[in-house]
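J.: Here it is: the structure, laid out below.
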Amino acid sequence: MPEGPSLVLMKEALLPFEGKKVTAVSGYAKADIKRIAGHKIKDIRTWGKHLLLEFPGFFVRIHLLMFGSYRVNEEKDVNPMLRLGFARNQCINFYTCSVKILEGEANDLYDWSADVLSDDWSAEKAKTKLAAHPDMLVCDALLDQDIFSGSGNIIKNEVLFRTRIHPLSVVGKLPARQLSALIKEARNYSFDFLEWKRQYVLKQHWQIYTKKECPRCHLPVTKEYLGAGKRRTFFCEHCQQRYA
DNA sequence: TGGAATGTTGGAAC
DNA sequence: CGTTCCAACATTCC
């Protein structure tokens, strides 16, 4: 489910509820979700992997983590973390997710220039942030939500393959051209991901993620658990150059 | 069949 | 006390 592009699709599915009043709230989320009742949803937006439901004076932040899911106007067999009821029996259900309520306006708390899918995305700012972390591995950089908000493990793997950069390359050692390509492709692949996911054909377009053989040179793909979070990483030793 | 995983956090352990 | 590690998450996939 949950890399940035999947959140954009979720937002699209929820858009019909913008401007609608929440008439009932339930769920086992620990946050004070009752206060949502009676308020109209002012705005629905995303920041990376965060879904933001804006109400007057506060907003709800939903993160699907690894296993989260949602349903519109239907129920799953498990209890929802958060259920929002509307007129005429309409509802939104969120399952197995993180729900937080934050005070004020989302605009005051989020920097949309970090969101790889945002109209406000700034490649320049990403470059500045990367320059501030010269020792960081590129496989970690592409998972850093302050630099590439919305990028996840699939995007990481595919972007590194497309740019032919080895995951253990060091940010500060990347030649300017490769650094620019990395930043550009993080956004570019995210939009490909979005459209492929929309068409239910995402998986068939994976070039390296979960693959056994490199599509370029046909040598076996290497699979290792790399980076600070030891995340699953697929790469081609032959086609992806290591800058270290 | 069940181990691993598109993710993050909170708290234990050191 | 800073850093690291790991479990947990009313799950789903292959």
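Labels used: A, B, ... for chains in the order of the structure tokens, numbers from 1 for residues in each chain, and numbers from 1 for ligands as shown.
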With a distance cut-off of 12 Å and only C-alpha atoms (C1' of nucleotides), select the neighbouring residues of C:DT12, excluding the residue or stretch itself and same-chain residues fewer than 4 positions from it, and output the selection as a JSON list (two decimals) with C-alpha atoms (C1' of nucleotides), in the first residue's frame.
T.:
```
[["chain", "number", "residue", "atom", "x", "y", "z"],
["A", 1, "MET", "CA", 0.00, 0.00, 0.00],
["A", 66, "MET", "CA", 3.34, -1.22, 6.61],
["A", 67, "PHE", "CA", -0.06, -2.93, 6.89],
["A", 68, "GLY", "CA", -2.60, -0.16, 6.87],
["A", 69, "SER", "CA", -5.65, -0.09, 4.63],
["B", 4, "DA", "C1'", 8.77, -11.73, 5.26],
["B", 5, "DA", "C1'", 7.34, -7.18, 4.07],
["B", 6, "DT", "C1'", 5.66, -0.86, 0.09]]
```
J.: Could you please select, counting only C-alpha atoms (C1' of nucleotides), the residues of chain A within 12 Å of chain C and state them as a count of residues only?
T.: 24
J.: Up to 12 Å from chain B, what residues of chain A turn up? Count only C-alpha atoms (C1' of nucleotides) and give them as a compact mmCIF listing (two decimals) with C-alpha atoms, in the first residue's frame.
T.:
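Okay, this is what ended up in result-v5.txt:
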```
# COMPACT_ATOMS: atom_id res chain seq x y z
CA MET A 1 0.00 0.00 0.00
CA PRO A 2 1.90 2.83 1.38
CA GLU A 3 4.49 4.81 -0.59
CA GLY A 4 3.67 8.39 -1.56
CA PRO A 5 1.89 7.55 -4.84
CA SER A 6 -0.46 5.14 -3.06
CA LEU A 7 -1.38 7.96 -0.71
CA LYS A 49 3.10 9.01 3.22
CA HIS A 50 0.85 11.12 5.44
CA HIS A 63 -0.15 6.95 8.39
CA LEU A 64 -0.74 3.46 7.02
CA LEU A 65 2.65 2.17 8.16
CA MET A 66 3.34 -1.22 6.61
CA PHE A 67 -0.06 -2.93 6.89
CA GLY A 68 -2.60 -0.16 6.87
CA CYS A 97 -2.81 2.59 10.94
CA SER A 98 -1.41 5.42 13.01
CA LEU A 143 14.23 6.71 2.44
CA ASP A 144 14.76 9.96 4.34
CA GLN A 145 11.34 11.60 4.60
CA GLY A 150 6.93 9.89 -0.02
CA SER A 151 9.79 7.82 -1.34
CA GLY A 152 9.80 4.26 0.00
CA ASN A 153 11.63 1.02 -0.46
CA ILE A 154 10.29 0.24 -3.92
CA ILE A 155 11.03 3.74 -5.18
CA LYS A 156 14.50 3.53 -3.64
CA ASN A 157 15.36 0.33 -5.47
CA PHE A 193 4.66 4.54 -9.92
CA LYS A 197 -0.45 1.77 -9.60
CA LEU A 202 2.82 -1.39 -11.07
CA LYS A 203 4.40 -4.74 -10.36
CA TYR A 209 12.74 -4.81 -7.10
CA THR A 210 12.17 -8.52 -6.27
CA GLY A 229 17.10 0.37 8.61
CA ARG A 231 15.89 -2.64 4.29
CA ARG A 232 15.61 -5.10 1.46
```
J.: To test your reading of the structure, identify every residue in stretch 80-135 of chain A that backbone DSSP assigns to strand (DSSP E or B), and report it as a ChimeraX atom specification.
T.: /A:82-85,91-95,98-103,115
J.: Could you pull out all residues of stretch 4-175 of chain A with a DSSP call of helix (DSSP H, G or I) and give them as a PyMOL selection string?
T.: chain A and resi 4-17+33-36+87-89+106-109+112-114+123-131+138-141+153-162+171-173
J.: Atom CA of A:Arg187 and atom CA of A:Glu237, how far apart in Å?
T.: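 That distance, rounded to one decimal, is 24.2 Å.
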J.: Rank nothing, just name the residue among A:Gln207, A:Val116, A:Ile62, A:Val170 nearest to A:Asn188, using only C-alpha atoms.
T.: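 Counting only C-alpha atoms, the residue closest to A:Asn188 is A:Val116.
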J.: Rounded to one decimal place, report the atom CA of A:His205-atom CA of A:Gly227 distance in Å.
T.: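 Distance reported for this atom pair: 24.6 Å.
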J.: Grab the atom CA of A:Lys212 to atom CA of A:Tyr189 distance for me, in Å with one decimal place.
T.: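 Atom CA of A:Lys212 sits 20.9 Å away from atom CA of A:Tyr189.
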J.: Using only C-alpha atoms (C1' of nucleotides), determine which residues lie at most 12 Å from A:Leu130, disregarding the query and same-chain residues fewer than 4 positions distant; provide the list as a PyMOL selection string.
T.: chain A and resi 114+123-126+134-138+140-142+144+146-148+170-174+176+179-180+182-183
J.: Could the residues in this selection be written to a file with C-alpha atoms, as a PDB file, in the first residue's frame?
T.:
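Done, and the output landed in out-v7.pdb:
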```
ATOM      1  CA  ALA A 114      10.147  18.012   0.363  1.00  0.00           C
ATOM      2  CA  ALA A 123      15.029  19.693  -6.453  1.00  0.00           C
ATOM      3  CA  GLU A 124      17.259  22.544  -5.360  1.00  0.00           C
ATOM      4  CA  LYS A 125      16.309  22.150  -1.720  1.00  0.00           C
ATOM      5  CA  ALA A 126      16.845  18.405  -1.953  1.00  0.00           C
ATOM      6  CA  PRO A 134      27.876  13.987   2.773  1.00  0.00           C
ATOM      7  CA  ASP A 135      28.460  10.728   4.675  1.00  0.00           C
ATOM      8  CA  MET A 136      24.978   9.363   4.157  1.00  0.00           C
ATOM      9  CA  LEU A 137      24.488   6.285   1.973  1.00  0.00           C
ATOM     10  CA  VAL A 138      22.250   6.842  -1.037  1.00  0.00           C
ATOM     11  CA  ASP A 140      19.328   5.777   3.244  1.00  0.00           C
ATOM     12  CA  ALA A 141      18.950   9.152   1.554  1.00  0.00           C
ATOM     13  CA  LEU A 142      16.136   7.853  -0.656  1.00  0.00           C
ATOM     14  CA  ASP A 144      14.761   9.961   4.342  1.00  0.00           C
ATOM     15  CA  ASP A 146      12.795  15.026   5.256  1.00  0.00           C
ATOM     16  CA  ILE A 147      14.626  14.921   1.930  1.00  0.00           C
ATOM     17  CA  PHE A 148      12.451  12.673  -0.272  1.00  0.00           C
ATOM     18  CA  VAL A 170      28.110   7.748  -0.423  1.00  0.00           C
ATOM     19  CA  VAL A 171      26.109  10.924  -1.072  1.00  0.00           C
ATOM     20  CA  GLY A 172      29.126  13.244  -0.883  1.00  0.00           C
ATOM     21  CA  LYS A 173      31.063  11.125  -3.386  1.00  0.00           C
ATOM     22  CA  LEU A 174      28.442  11.245  -6.140  1.00  0.00           C
ATOM     23  CA  ALA A 176      27.300  16.206  -9.860  1.00  0.00           C
ATOM     24  CA  LEU A 179      23.498  13.505  -7.889  1.00  0.00           C
ATOM     25  CA  SER A 180      21.189  15.490 -10.158  1.00  0.00           C
ATOM     26  CA  LEU A 182      19.154  10.748  -8.480  1.00  0.00           C
ATOM     27  CA  ILE A 183      17.086  13.740  -7.387  1.00  0.00           C
TER      28      ILE A 183
END
```
J.: Tell me which protein, DNA and RNA residues are within 7 Å of stretch 31-38 of chain A, counting only C-alpha atoms (C1' of nucleotides), leaving out same-chain ones fewer than 4 positions away, and put them as a count of residues only.
T.: 8
